[in-house]
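Colleague: Following this line is query19.txt, made up of compact mmCIF, C-alpha atoms:
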# COMPACT_ATOMS: atom_id res chain seq x y z
CA MET V 584 122.61 114.18 132.04
CA GLU V 585 126.04 112.69 132.59
CA ALA V 586 125.84 113.66 136.26
CA MET V 587 122.41 112.05 136.55
CA ALA V 588 123.68 108.89 134.95
CA ALA V 589 126.60 108.61 137.33
CA ALA V 590 126.89 105.32 139.14
CA LYS V 591 125.70 104.97 142.69
CA PRO V 592 128.34 104.53 145.37
CA VAL V 593 128.53 101.29 147.28
CA ILE V 594 127.10 101.52 150.78
CA LYS V 595 128.22 99.18 153.54
CA VAL V 596 125.49 97.61 155.65
CA ALA V 597 126.21 95.92 158.98
CA ALA V 598 123.76 93.05 159.53
CA LEU V 599 122.93 91.99 163.09
CA CYS V 600 120.77 89.02 164.09
CA GLY V 601 118.97 88.94 167.43
CA SER V 602 118.82 85.15 167.58
CA LEU V 603 121.80 82.91 168.32
CA ARG V 604 120.06 79.72 167.21
CA GLU V 605 121.87 77.89 164.42
CA GLY V 606 118.74 77.46 162.31
CA SER V 607 117.38 80.92 163.08
CA TYR V 608 114.75 82.17 160.62
CA ASN V 609 115.92 85.73 161.18
CA ARG V 610 119.42 84.78 160.17
CA GLY V 611 117.82 83.20 157.11
CA LEU V 612 116.44 86.63 156.19
CA LEU V 613 119.93 88.10 156.39
CA ARG V 614 121.34 85.31 154.23
CA TYR V 615 118.76 86.05 151.57
CA ALA V 616 119.54 89.77 151.81
CA MET V 617 123.20 89.02 151.13
CA GLU V 618 122.18 86.90 148.12
CA LEU V 619 120.14 89.81 146.76
CA THR V 620 123.07 92.21 146.98
CA LYS V 621 125.25 89.79 145.04
CA GLU V 622 122.73 88.88 142.32
CA GLU V 623 120.05 91.57 141.89
CA ILE V 624 120.83 94.79 143.78
CA ASP V 625 123.89 96.86 142.95
CA GLY V 626 125.55 99.29 145.31
CA ILE V 627 125.14 97.41 148.61
CA GLN V 628 127.67 95.34 150.55
CA ILE V 629 126.37 93.49 153.61
CA ASP V 630 128.74 92.63 156.43
CA TYR V 631 127.16 90.02 158.72
CA ILE V 632 128.45 90.47 162.28
CA ASP V 633 128.19 87.58 164.72
CA ILE V 634 127.27 88.93 168.16
CA SER V 635 127.57 85.63 170.06
CA PRO V 636 131.22 86.21 171.16
CA LEU V 637 130.35 89.48 172.89
CA PRO V 638 130.47 89.29 176.69
CA MET V 639 127.61 90.62 178.76
CA LEU V 640 127.92 94.34 179.27
CA ASN V 641 130.12 95.04 182.26
CA THR V 642 131.88 98.37 182.64
CA ASP V 643 134.52 96.68 184.77
CA LEU V 644 135.82 95.21 181.50
CA GLU V 645 136.71 98.71 180.34
CA VAL V 646 140.30 99.30 181.41
CA ASN V 647 141.86 102.74 180.96
CA GLY V 648 139.11 103.70 178.53
CA LYS V 649 139.70 100.64 176.34
CA TYR V 650 137.25 97.87 175.59
CA PRO V 651 137.98 94.14 175.38
CA PRO V 652 139.44 93.16 171.97
CA VAL V 653 136.30 91.35 170.83
CA VAL V 654 134.15 94.32 171.76
CA GLU V 655 136.48 96.82 170.09
CA ALA V 656 136.53 94.75 166.88
CA PHE V 657 132.72 94.69 166.91
CA ARG V 658 132.52 98.45 167.44
CA GLN V 659 134.97 99.15 164.60
CA ARG V 660 132.88 97.12 162.14
CA ILE V 661 129.76 99.03 163.15
CA LEU V 662 131.62 102.32 162.81
CA ALA V 663 132.80 101.41 159.31
CA ALA V 664 129.26 100.72 158.12
CA ASP V 665 127.01 103.29 156.47
CA SER V 666 123.79 101.70 157.73
CA ILE V 667 122.50 98.89 159.93
CA LEU V 668 120.15 96.01 159.11
CA PHE V 669 118.59 94.32 162.15
CA ALA V 670 116.83 90.96 162.02
CA SER V 671 115.30 89.92 165.32
CA PRO V 672 112.58 87.73 166.78
CA GLU V 673 110.31 88.89 169.58
CA TYR V 674 111.03 87.74 173.13
CA ASN V 675 108.35 88.43 175.75
CA TYR V 676 106.79 91.24 173.71
CA SER V 677 110.17 92.97 173.38
CA VAL V 678 113.77 92.84 172.15
CA THR V 679 116.10 89.89 172.51
CA GLY V 680 118.82 89.77 175.14
CA PRO V 681 121.80 89.12 172.81
CA LEU V 682 120.97 91.95 170.44
CA LYS V 683 120.21 94.38 173.26
CA ASN V 684 123.60 93.52 174.74
CA ALA V 685 125.29 94.22 171.40
CA ILE V 686 123.46 97.54 171.09
CA ASP V 687 124.57 98.50 174.60
CA TRP V 688 128.22 97.78 173.79
CA ALA V 689 128.06 99.77 170.54
CA SER V 690 126.38 102.71 172.27
CA ARG V 691 129.17 103.11 174.81
CA SER V 692 131.07 106.37 174.37
CA PRO V 693 131.63 107.21 171.62
CA ASN V 694 128.33 105.93 170.21
CA VAL V 695 129.19 104.19 166.93
CA PHE V 696 125.51 103.98 165.89
CA ALA V 697 125.06 107.75 165.70
CA ASN V 698 123.66 109.29 162.50
CA LYS V 699 123.35 106.04 160.58
CA ALA V 700 120.39 104.77 158.62
CA ALA V 701 118.79 101.53 159.78
CA ALA V 702 116.12 99.01 158.88
CA ILE V 703 114.62 96.17 160.86
CA VAL V 704 112.96 92.94 159.77
CA SER V 705 111.56 90.26 162.02
CA VAL V 706 110.25 86.70 161.99
CA ALA V 707 108.18 85.55 164.94
CA GLY V 708 104.73 84.27 165.87
CA SER V 709 101.30 85.78 165.34
CA LEU V 710 102.29 89.44 164.89
CA GLY V 711 105.58 88.69 163.20
CA GLY V 712 107.66 90.52 165.82
CA ALA V 713 105.85 93.86 165.52
CA ARG V 714 106.05 94.67 169.22
CA ALA V 715 109.80 94.05 169.29
CA GLN V 716 110.30 96.28 166.25
CA TYR V 717 108.60 99.21 167.95
CA HIS V 718 110.90 98.79 170.96
CA TYR V 719 113.96 98.78 168.70
CA ARG V 720 112.71 101.99 167.11
CA GLN V 721 112.39 103.57 170.55
CA ILE V 722 115.97 102.58 171.36
CA GLY V 723 117.08 104.10 168.05
CA VAL V 724 115.73 107.50 169.07
CA TYR V 725 118.29 107.82 171.86
CA LEU V 726 121.08 106.35 169.73
CA ASP V 727 120.48 108.83 166.86
CA LEU V 728 119.84 105.80 164.69
CA HIS V 729 117.44 106.71 161.86
CA PHE V 730 115.11 103.82 160.94
CA ILE V 731 113.28 103.80 157.64
CA ASN V 732 109.54 104.09 158.21
CA LYS V 733 108.34 102.06 155.25
CA PRO V 734 108.13 99.40 154.03
CA GLU V 735 107.71 97.46 157.26
CA PHE V 736 108.54 93.77 157.33
CA PHE V 737 106.76 91.45 159.76
CA LEU V 738 106.64 87.72 159.02
CA ASN V 739 104.73 84.96 160.78
CA ALA V 740 106.89 81.89 160.29
CA TYR V 741 104.24 79.42 161.41
CA GLU V 742 101.39 80.11 159.02
CA SER V 743 100.93 78.32 155.71
CA PRO V 744 102.36 78.20 153.14
CA ALA V 745 105.80 77.47 154.56
CA LYS V 746 108.11 80.48 154.63
CA PHE V 747 111.40 78.65 155.30
CA ASP V 748 112.88 75.28 154.46
CA SER V 749 114.37 72.85 156.96
CA ASP V 750 117.72 74.70 156.89
CA GLY V 751 116.13 78.06 157.75
CA ASN V 752 116.40 79.53 154.24
CA LEU V 753 113.67 81.87 152.98
CA ILE V 754 111.57 80.23 150.25
CA ASP V 755 108.36 82.31 150.22
CA PRO V 756 108.18 84.37 146.96
CA ALA V 757 106.05 87.16 148.46
CA SER V 758 108.42 87.57 151.41
CA LYS V 759 111.39 87.69 149.03
CA LYS V 760 109.83 90.62 147.16
CA ARG V 761 109.15 92.45 150.41
CA MET V 762 112.72 91.88 151.56
CA LYS V 763 114.01 93.36 148.32
CA LYS V 764 111.90 96.50 148.84
CA VAL V 765 113.33 96.91 152.34
CA LEU V 766 116.90 96.82 151.02
CA LEU V 767 116.13 99.30 148.25
CA ALA V 768 114.48 101.69 150.71
CA LEU V 769 117.45 101.38 153.08
CA GLN V 770 119.83 102.12 150.21
CA ALA V 771 117.87 105.22 149.16
CA PHE V 772 117.62 106.58 152.68
CA THR V 773 121.32 105.96 153.40
CA LEU V 774 122.27 107.99 150.34
CA GLN V 775 119.86 110.75 151.39
CA LEU V 776 121.50 110.97 154.80
CA ARG V 777 124.91 111.18 153.16
CA GLY V 778 123.77 114.06 150.97
CA CYS V 779 124.03 112.11 147.72
CA ASN V 780 121.16 112.75 145.31
CA PHE V 781 121.26 110.23 142.46
CA ASN V 782 118.88 109.57 139.61
CA LEU V 783 116.42 106.91 140.69
CA SER V 784 114.96 106.53 137.20
CA THR V 785 117.85 104.18 136.42
CA THR V 786 116.73 101.88 139.22
CA SER V 787 113.44 100.38 138.17
CA GLU V 788 113.01 98.30 141.31
CA PHE V 789 112.17 101.26 143.56
CA PRO V 790 108.53 101.20 144.73
CA ARG V 791 107.87 104.72 143.41
CA GLN V 792 109.95 107.17 141.43
CA ILE V 793 110.93 109.35 144.33
CA GLY V 794 113.62 110.88 142.12
CA ARG V 795 110.90 113.04 140.53
CA LEU V 796 110.81 115.11 143.71
CA SER V 797 114.56 115.72 143.48
CA GLU V 798 114.39 116.55 139.77
CA GLU V 799 111.76 119.22 140.42
CA GLY V 800 113.50 120.53 143.50
CA HIS V 801 117.25 120.55 144.06
CA VAL V 802 119.79 120.13 141.30
CA LEU V 803 120.98 116.54 141.04
CA THR V 804 124.55 116.02 142.16
CA PRO V 805 126.78 113.31 140.73
CA CYS V 806 126.99 110.18 142.80
CA THR V 807 130.32 108.43 142.39
CA GLU V 808 132.37 106.04 144.41
CA GLY V 809 133.73 107.73 147.51
CA SER V 810 131.36 110.70 147.31
CA LEU V 811 129.49 109.76 150.45
CA ALA V 812 129.67 112.52 152.98
CA PRO V 813 130.48 111.74 156.62
CA PRO V 814 127.59 111.23 159.04
CA PHE V 815 125.84 114.57 159.28
CA PRO V 816 124.66 115.97 162.62
CA ALA V 817 123.31 119.15 161.01
CA SER V 818 122.65 118.48 157.33
CA THR V 819 120.56 121.16 155.63
CA ARG V 820 118.82 118.50 153.58
CA TYR V 821 117.75 116.70 156.73
CA LYS V 822 116.53 119.97 158.30
CA LEU V 823 114.38 120.57 155.23
CA GLY V 824 112.26 117.64 156.27
CA ARG V 825 113.69 114.79 154.19
CA THR V 826 112.59 111.89 156.34
CA SER V 827 113.10 108.15 156.04
CA GLU V 828 109.77 107.82 154.23
CA THR V 829 110.69 106.63 150.73
CA TYR V 830 107.48 107.79 149.08
CA ASP V 831 108.08 111.54 149.02
CA TRP V 832 106.42 111.86 145.60
CA TYR V 833 103.14 110.71 147.10
CA ASP V 834 103.47 113.43 149.75
CA LEU V 835 104.17 115.99 147.01
CA GLU V 836 101.00 115.00 145.17
CA THR V 837 99.04 115.37 148.40
CA CYS V 838 100.42 118.88 148.89
CA ASN V 839 99.49 119.79 145.32
CA ASN V 840 95.93 118.63 145.90
CA GLU V 841 95.72 120.75 149.04
CA ARG V 842 96.99 123.76 147.10
CA SER V 843 94.27 123.23 144.46
CA VAL V 844 91.61 123.25 147.18
CA LEU V 845 93.12 126.43 148.63
CA SER V 846 93.05 128.11 145.23
CA LEU V 847 89.36 127.22 144.98
CA PHE V 848 88.65 129.20 148.15
CA GLN V 849 90.74 132.11 146.95
CA ASN V 850 88.80 132.29 143.68
CA GLU V 851 86.18 135.05 143.90
CA ASN V 852 83.79 133.29 141.50
CA PHE V 853 83.49 129.95 143.32
CA SER V 854 79.91 128.75 143.86
CA LEU V 855 78.32 127.99 147.18
CA LYS V 856 77.95 124.30 146.42
CA ASN V 857 81.75 124.03 146.16
CA LYS V 858 82.34 125.57 149.57
CA ARG V 859 83.86 123.16 152.06
CA TYR V 860 83.26 123.66 155.73
CA THR V 861 86.35 123.46 157.87
CA PRO V 862 86.36 121.66 161.25
CA ASN V 863 86.26 125.05 163.02
CA VAL V 864 83.06 126.02 161.19
CA ARG V 865 81.44 122.69 162.04
CA GLU V 866 82.41 123.10 165.67
CA ARG V 867 80.85 126.56 165.84
CA MET V 868 77.65 125.28 164.20
CA TYR V 869 77.45 122.48 166.73
CA LYS V 870 77.86 124.88 169.66
CA PHE V 871 75.26 127.24 168.22
CA GLY V 872 72.74 124.40 167.84
CA LEU V 873 73.39 123.26 171.40
CA VAL V 874 72.80 126.75 172.83
CA ALA V 875 69.67 127.24 170.71
CA SER V 876 68.18 123.97 171.96
CA TRP V 877 68.74 124.98 175.60
CA VAL V 878 67.12 128.38 175.00
CA PHE V 879 64.13 126.68 173.37
CA PHE V 880 63.63 124.35 176.36
CA LEU V 881 63.86 127.27 178.79
CA ILE V 882 61.20 129.19 176.85
CA VAL V 883 58.88 126.17 176.86
CA ILE V 884 59.28 125.74 180.63
CA MET V 885 58.62 129.44 181.28
CA LEU V 886 55.49 129.38 179.10
CA ASN V 887 54.23 126.29 180.90
CA ASN V 888 54.66 127.93 184.31
CA TRP V 889 52.94 131.08 183.09
CA VAL V 890 49.94 129.18 181.78
CA ASN V 891 49.63 127.23 185.03
CA SER V 892 49.71 130.45 187.09
CA ILE V 893 46.95 131.96 184.93
CA GLU V 894 44.76 128.88 185.35
CA ASP V 895 45.24 128.93 189.12
CA ALA V 896 44.26 132.63 189.27
CA CYS V 897 41.10 132.03 187.26
CA CYS V 898 40.03 129.13 189.45
CA LYS V 899 40.53 131.17 192.65
CA ARG V 900 38.48 134.09 191.26
CA ASN V 901 35.57 131.81 190.39
CA VAL V 902 35.50 130.21 193.84
CA PHE V 903 35.60 133.52 195.76
CA GLY V 904 33.09 135.12 193.42
CA ARG V 905 30.51 132.40 194.01
CA SER V 906 31.06 132.59 197.76
CA LEU V 907 30.29 136.31 197.78
CA ASP V 908 27.17 135.78 195.73
CA LEU V 909 25.92 133.09 198.13
CA TRP V 910 26.63 135.30 201.18
CA VAL V 911 24.73 138.19 199.66
CA ALA V 912 21.81 135.94 198.82
CA HIS V 913 21.75 134.46 202.34
CA SER V 914 21.86 137.80 204.02
Would you mind giving the structure from this file in structure tokens?

Modeller:
Amino acid sequence: MEAMAAAKPVIKVAALCGSLREGSYNRGLLRYAMELTKEEIDGIQIDYIDISPLPMLNTDLEVNGKYPPVVEAFRQRILAADSILFASPEYNYSVTGPLKNAIDWASRSPNVFANKAAAIVSVAGSLGGARAQYHYRQIGVYLDLHFINKPEFFLNAYESPAKFDSDGNLIDPASKKRMKKVLLALQAFTLQLRGCNFNLSTTSEFPRQIGRLSEEGHVLTPCTEGSLAPPFPASTRYKLGRTSETYDWYDLETCNNERSVLSLFQNENFSLKNKRYTPNVRERMYKFGLVASWVFFLIVIMLNNWVNSIEDACCKRNVFGRSLDLWVAHS
């Protein structure tokens, strides 16, 4: 119990904004995230990194394997972080130029994004930046950057009620709650990637008590300051299928339901009305019905031709028979 009650370590989150505009709504999301970590959420430190000083990617700037000072300072701050929080608008159905440039600099050898957890939020027009988010996730695949799958955060800044004030600060209560859930999910997934299994029952803000899966499965390990493992390229926990989905307990319940259905089939005394046809059985029944219908039509056609041939034979016999009778009578 003492191990389960151990305090969570503090994770460091590097926050990057894809918009350089002074009153950027996406930067407003990051400001609110930093307020949350100071007032409501324990165990997270957000380091906002300004990407505007970065030069455009040019390998000619790399001299003797060294990067320009501003680029090297940026890369070191990314390397020191445990996870990444992106906030980006959508430009032309895709990512923004400044943030893509920053990602390209950080991905230069050695890739400082590798094996880190990440989350992305976006403020844009009608779809709230959804198309840009999917492109960022595709980029993350090559960078070995592990994005949380849920909750997703898309925000349309131009629909009523107003989501931001005149200074670009987030004021919408519903969006604030969603932003809090994103940070909590990012925190949980970061600790999973670092091999730290803490007791989530002490954190009431989590959407679901995913700690129940850990309590029933692996033995909980104490989570103290400095116990974070280094980025893992071959963690056994990750190979066991622990994904970025934060609702593992829901998946466990689904598996239990499937096992109960399987046990129903294995029971020798189950009744016919409880039998469930699998897709393979339905497919075979469909094929059997199709073949039977074709056989039926073929039989009908054959019978029709046979009847017609019999009628023709009868008609010919009657005609020739009468002709012979008339010839005999005439002669």

Colleague: For Asn694 of chain V, which of V:Arg720, V:Lys621, V:Arg865, V:Arg658 is the closest residue, counting all atoms listed in the file?

Modeller: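 Ranking V:Arg720, V:Lys621, V:Arg865, V:Arg658 by distance to Asn694 of chain V, first place goes to V:Arg658.
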
Colleague: Produce a table with one row for each residue of segment 609-675 of chain V that has an atom at most 10 Å from any atom of segment 685-691 of chain V, each row naming the nearest atom pair and its distance in Å at one decimal; use all atoms listed in the file; arrange rows by chain and rising residue number; format as CSV.

Modeller:
residue,atom,partner,partner_atom,distance
V:Asp633,CA,V:Ala685,CA,9.9
V:Ile634,CA,V:Ala685,CA,6.5
V:Ser635,CA,V:Ala685,CA,9.0
V:Pro636,CA,V:Ala685,CA,10.0
V:Leu637,CA,V:Ala685,CA,7.1
V:Pro638,CA,V:Ala685,CA,8.9
V:Met639,CA,V:Ala685,CA,8.5
V:Leu640,CA,V:Trp688,CA,6.5
V:Asn641,CA,V:Trp688,CA,9.1
V:Thr642,CA,V:Arg691,CA,9.5
V:Tyr650,CA,V:Trp688,CA,9.2
V:Val654,CA,V:Trp688,CA,7.2
V:Glu655,CA,V:Ala689,CA,8.9
V:Phe657,CA,V:Ala689,CA,7.8
V:Arg658,CA,V:Ala689,CA,5.6
V:Gln659,CA,V:Ala689,CA,9.1
V:Ile661,CA,V:Ala689,CA,7.6
V:Leu662,CA,V:Ala689,CA,8.9

Colleague: Write a file of the selected residues as a compact mmCIF listing (two decimals), keeping the file's coordinate frame, keeping C-alpha atoms.

Modeller:
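Saved the output as part29.txt:
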# COMPACT_ATOMS: atom_id res chain seq x y z
CA ASP V 633 128.19 87.58 164.72
CA ILE V 634 127.27 88.93 168.16
CA SER V 635 127.57 85.63 170.06
CA PRO V 636 131.22 86.21 171.16
CA LEU V 637 130.35 89.48 172.89
CA PRO V 638 130.47 89.29 176.69
CA MET V 639 127.61 90.62 178.76
CA LEU V 640 127.92 94.34 179.27
CA ASN V 641 130.12 95.04 182.26
CA THR V 642 131.88 98.37 182.64
CA TYR V 650 137.25 97.87 175.59
CA VAL V 654 134.15 94.32 171.76
CA GLU V 655 136.48 96.82 170.09
CA PHE V 657 132.72 94.69 166.91
CA ARG V 658 132.52 98.45 167.44
CA GLN V 659 134.97 99.15 164.60
CA ILE V 661 129.76 99.03 163.15
CA LEU V 662 131.62 102.32 162.81

Colleague: May I ask for the distance between atom CA of Asp748 of chain V and atom CA of Ile731 of chain V, given in Å to one decimal place?

Modeller: 28.7 Å

Colleague: Could you state the separation of atom CA of Val596 of chain V and atom CA of Tyr631 of chain V in Å, given to one decimal place?

Modeller: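 These two atoms are separated by 8.4 Å.
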
Colleague: At what distance in Å, to one decimal, does atom CA of Ala700 of chain V lie from atom CA of Phe772 of chain V?

Modeller: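 If I compute the distance from atom CA of Phe772 of chain V to atom CA of Ala700 of chain V, I get 6.8 Å.
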
Colleague: Looking at all atoms listed in the file, which of V:Phe737, V:Arg614, V:Gly708, V:Leu766 is the one that sits closest to Gly626 of chain V?

Modeller: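 That would be V:Leu766, the residue with the smallest distance to Gly626 of chain V.
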
Colleague: Using all atoms listed in the file, find the one residue out of V:Val593, V:Met885, V:Val706, V:Met868 that sits nearest to Tyr674 of chain V.

Modeller: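 For Tyr674 of chain V, the nearest of the candidates is V:Val706.
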
Colleague: With all atoms listed in the file as the counted atoms, please give the residues lying no more than 9 Å from Tyr676 of chain V, apart from itself and same-chain residues fewer than 4 positions off, as a short mmCIF file (atom, residue, chain, number, x, y, z; two decimals) with C-alpha atoms, in the coordinates of the input.

Modeller:
data_model
loop_
_atom_site.label_atom_id
_atom_site.label_comp_id
_atom_site.auth_asym_id
_atom_site.auth_seq_id
_atom_site.Cartn_x
_atom_site.Cartn_y
_atom_site.Cartn_z
CA GLY V 712 107.66 90.52 165.82
CA ALA V 713 105.85 93.86 165.52
CA ARG V 714 106.05 94.67 169.22
CA ALA V 715 109.80 94.05 169.29
#

Colleague: If we count all atoms listed in the file and set the cut-off at 8 Å, which residues sit around Gln770 of chain V, ignoring sequence neighbours fewer than 3 positions away in its own chain? Please answer as a list in words.

Modeller: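 Listing them by chain and then by number gives Ile594, Ile627, Leu766, Leu767, Thr773 and Leu774 of chain V.
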
Colleague: At a cut-off of 10 Å around the point (113.1, 98.0, 150.6) (file coordinates), what residues fall inside when counting only C-alpha atoms? I'd like the answer as a CSV table (one decimal) with C-alpha atoms, in the coordinates of the input.

Modeller:
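Result file follows (point_19.csv):
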chain,number,residue,atom,x,y,z
V,702,ALA,CA,116.1,99.0,158.9
V,731,ILE,CA,113.3,103.8,157.6
V,733,LYS,CA,108.3,102.1,155.2
V,734,PRO,CA,108.1,99.4,154.0
V,735,GLU,CA,107.7,97.5,157.3
V,736,PHE,CA,108.5,93.8,157.3
V,760,LYS,CA,109.8,90.6,147.2
V,761,ARG,CA,109.2,92.4,150.4
V,762,MET,CA,112.7,91.9,151.6
V,763,LYS,CA,114.0,93.4,148.3
V,764,LYS,CA,111.9,96.5,148.8
V,765,VAL,CA,113.3,96.9,152.3
V,766,LEU,CA,116.9,96.8,151.0
V,767,LEU,CA,116.1,99.3,148.2
V,768,ALA,CA,114.5,101.7,150.7
V,769,LEU,CA,117.4,101.4,153.1
V,770,GLN,CA,119.8,102.1,150.2
V,771,ALA,CA,117.9,105.2,149.2
V,772,PHE,CA,117.6,106.6,152.7
V,788,GLU,CA,113.0,98.3,141.3
V,789,PHE,CA,112.2,101.3,143.6
V,790,PRO,CA,108.5,101.2,144.7
V,829,THR,CA,110.7,106.6,150.7

Colleague: Please determine, counting only C-alpha atoms, which residue among V:Leu753, V:Ala701, V:Ala597, V:Ile893 has the shortest atom-to-atom distance to Gly611 of chain V.

Modeller: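 Nearest to Gly611 of chain V: V:Leu753.
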
Colleague: Box along x, y and z, 4 Å on every side, all listed atoms of segment 606-624 of chain V inside: centre and edge lengths in Å to one decimal, as AutoDock Vina command-line options.

Modeller:
--center_x 120.0 --center_y 86.1 --center_z 152.5 --size_x 18.5 --size_y 25.3 --size_z 29.2

Colleague: Which residue, V:Phe747, V:Trp889, V:Tyr608, V:Phe730, has the smallest gap to Leu668 of chain V when you use all atoms listed in the file?

Modeller: V:Phe730

Colleague: With distances taken over only C-alpha atoms, which of V:Pro744, V:Gly872, V:Pro592, V:Gly778 is nearest to Pro756 of chain V?

Modeller: V:Pro744

Colleague: Please rebuild segment 863-870 of chain V with all heavy atoms and return the result as a PDB file, keeping the file's coordinate frame.

Modeller:
ATOM      1  N   ASN V 863      86.609 123.959 162.113  1.00  0.00           N
ATOM      2  CA  ASN V 863      86.260 125.050 163.020  1.00  0.00           C
ATOM      3  C   ASN V 863      84.843 125.536 162.776  1.00  0.00           C
ATOM      4  O   ASN V 863      84.105 125.844 163.711  1.00  0.00           O
ATOM      5  CB  ASN V 863      87.245 126.209 162.826  1.00  0.00           C
ATOM      6  CG  ASN V 863      88.650 125.857 163.308  1.00  0.00           C
ATOM      7  OD1 ASN V 863      88.791 125.008 164.188  1.00  0.00           O
ATOM      8  ND2 ASN V 863      89.647 126.489 162.736  1.00  0.00           N
ATOM      9  N   VAL V 864      84.431 125.609 161.499  1.00  0.00           N
ATOM     10  CA  VAL V 864      83.060 126.020 161.190  1.00  0.00           C
ATOM     11  C   VAL V 864      82.071 125.004 161.711  1.00  0.00           C
ATOM     12  O   VAL V 864      81.037 125.360 162.297  1.00  0.00           O
ATOM     13  CB  VAL V 864      82.910 126.207 159.665  1.00  0.00           C
ATOM     14  CG1 VAL V 864      81.450 126.482 159.309  1.00  0.00           C
ATOM     15  CG2 VAL V 864      83.795 127.346 159.180  1.00  0.00           C
ATOM     16  N   ARG V 865      82.349 123.726 161.547  1.00  0.00           N
ATOM     17  CA  ARG V 865      81.440 122.690 162.040  1.00  0.00           C
ATOM     18  C   ARG V 865      81.319 122.745 163.558  1.00  0.00           C
ATOM     19  O   ARG V 865      80.246 122.529 164.119  1.00  0.00           O
ATOM     20  CB  ARG V 865      81.936 121.309 161.589  1.00  0.00           C
ATOM     21  CG  ARG V 865      81.767 121.062 160.107  1.00  0.00           C
ATOM     22  CD  ARG V 865      81.926 119.594 159.783  1.00  0.00           C
ATOM     23  NE  ARG V 865      83.283 119.145 160.065  1.00  0.00           N
ATOM     24  CZ  ARG V 865      84.240 119.123 159.158  1.00  0.00           C
ATOM     25  NH1 ARG V 865      84.009 119.542 157.935  1.00  0.00           N
ATOM     26  NH2 ARG V 865      85.446 118.674 159.475  1.00  0.00           N
ATOM     27  N   GLU V 866      82.441 123.022 164.222  1.00  0.00           N
ATOM     28  CA  GLU V 866      82.410 123.100 165.670  1.00  0.00           C
ATOM     29  C   GLU V 866      81.550 124.283 166.139  1.00  0.00           C
ATOM     30  O   GLU V 866      80.764 124.154 167.088  1.00  0.00           O
ATOM     31  CB  GLU V 866      83.841 123.252 166.205  1.00  0.00           C
ATOM     32  CG  GLU V 866      83.934 123.280 167.724  1.00  0.00           C
ATOM     33  CD  GLU V 866      85.359 123.391 168.200  1.00  0.00           C
ATOM     34  OE1 GLU V 866      86.276 123.401 167.344  1.00  0.00           O
ATOM     35  OE2 GLU V 866      85.562 123.480 169.425  1.00  0.00           O
ATOM     36  N   ARG V 867      81.675 125.406 165.465  1.00  0.00           N
ATOM     37  CA  ARG V 867      80.850 126.560 165.840  1.00  0.00           C
ATOM     38  C   ARG V 867      79.367 126.291 165.591  1.00  0.00           C
ATOM     39  O   ARG V 867      78.510 126.696 166.385  1.00  0.00           O
ATOM     40  CB  ARG V 867      81.316 127.788 165.060  1.00  0.00           C
ATOM     41  CG  ARG V 867      82.671 128.332 165.501  1.00  0.00           C
ATOM     42  CD  ARG V 867      82.890 129.737 164.988  1.00  0.00           C
ATOM     43  NE  ARG V 867      82.967 129.765 163.531  1.00  0.00           N
ATOM     44  CZ  ARG V 867      84.087 129.654 162.845  1.00  0.00           C
ATOM     45  NH1 ARG V 867      85.238 129.492 163.497  1.00  0.00           N
ATOM     46  NH2 ARG V 867      84.097 129.717 161.537  1.00  0.00           N
ATOM     47  N   MET V 868      79.054 125.617 164.486  1.00  0.00           N
ATOM     48  CA  MET V 868      77.650 125.280 164.200  1.00  0.00           C
ATOM     49  C   MET V 868      77.092 124.344 165.258  1.00  0.00           C
ATOM     50  O   MET V 868      75.931 124.474 165.680  1.00  0.00           O
ATOM     51  CB  MET V 868      77.547 124.651 162.807  1.00  0.00           C
ATOM     52  CG  MET V 868      77.872 125.608 161.667  1.00  0.00           C
ATOM     53  SD  MET V 868      77.864 124.812 160.056  1.00  0.00           S
ATOM     54  CE  MET V 868      76.161 124.278 159.961  1.00  0.00           C
ATOM     55  N   TYR V 869      77.895 123.408 165.698  1.00  0.00           N
ATOM     56  CA  TYR V 869      77.450 122.480 166.730  1.00  0.00           C
ATOM     57  C   TYR V 869      77.166 123.217 168.035  1.00  0.00           C
ATOM     58  O   TYR V 869      76.145 122.987 168.697  1.00  0.00           O
ATOM     59  CB  TYR V 869      78.513 121.403 166.943  1.00  0.00           C
ATOM     60  CG  TYR V 869      78.262 120.523 168.145  1.00  0.00           C
ATOM     61  CD1 TYR V 869      77.302 119.521 168.108  1.00  0.00           C
ATOM     62  CD2 TYR V 869      79.000 120.704 169.319  1.00  0.00           C
ATOM     63  CE1 TYR V 869      77.073 118.722 169.211  1.00  0.00           C
ATOM     64  CE2 TYR V 869      78.774 119.918 170.424  1.00  0.00           C
ATOM     65  CZ  TYR V 869      77.805 118.918 170.360  1.00  0.00           C
ATOM     66  OH  TYR V 869      77.579 118.132 171.451  1.00  0.00           O
ATOM     67  N   LYS V 870      78.064 124.121 168.423  1.00  0.00           N
ATOM     68  CA  LYS V 870      77.860 124.880 169.660  1.00  0.00           C
ATOM     69  C   LYS V 870      76.628 125.770 169.567  1.00  0.00           C
ATOM     70  O   LYS V 870      75.855 125.902 170.525  1.00  0.00           O
ATOM     71  CB  LYS V 870      79.101 125.712 169.974  1.00  0.00           C
ATOM     72  CG  LYS V 870      80.326 124.897 170.355  1.00  0.00           C
ATOM     73  CD  LYS V 870      81.509 125.796 170.658  1.00  0.00           C
ATOM     74  CE  LYS V 870      82.725 124.966 171.082  1.00  0.00           C
ATOM     75  NZ  LYS V 870      83.897 125.818 171.371  1.00  0.00           N
TER      76      LYS V 870
END
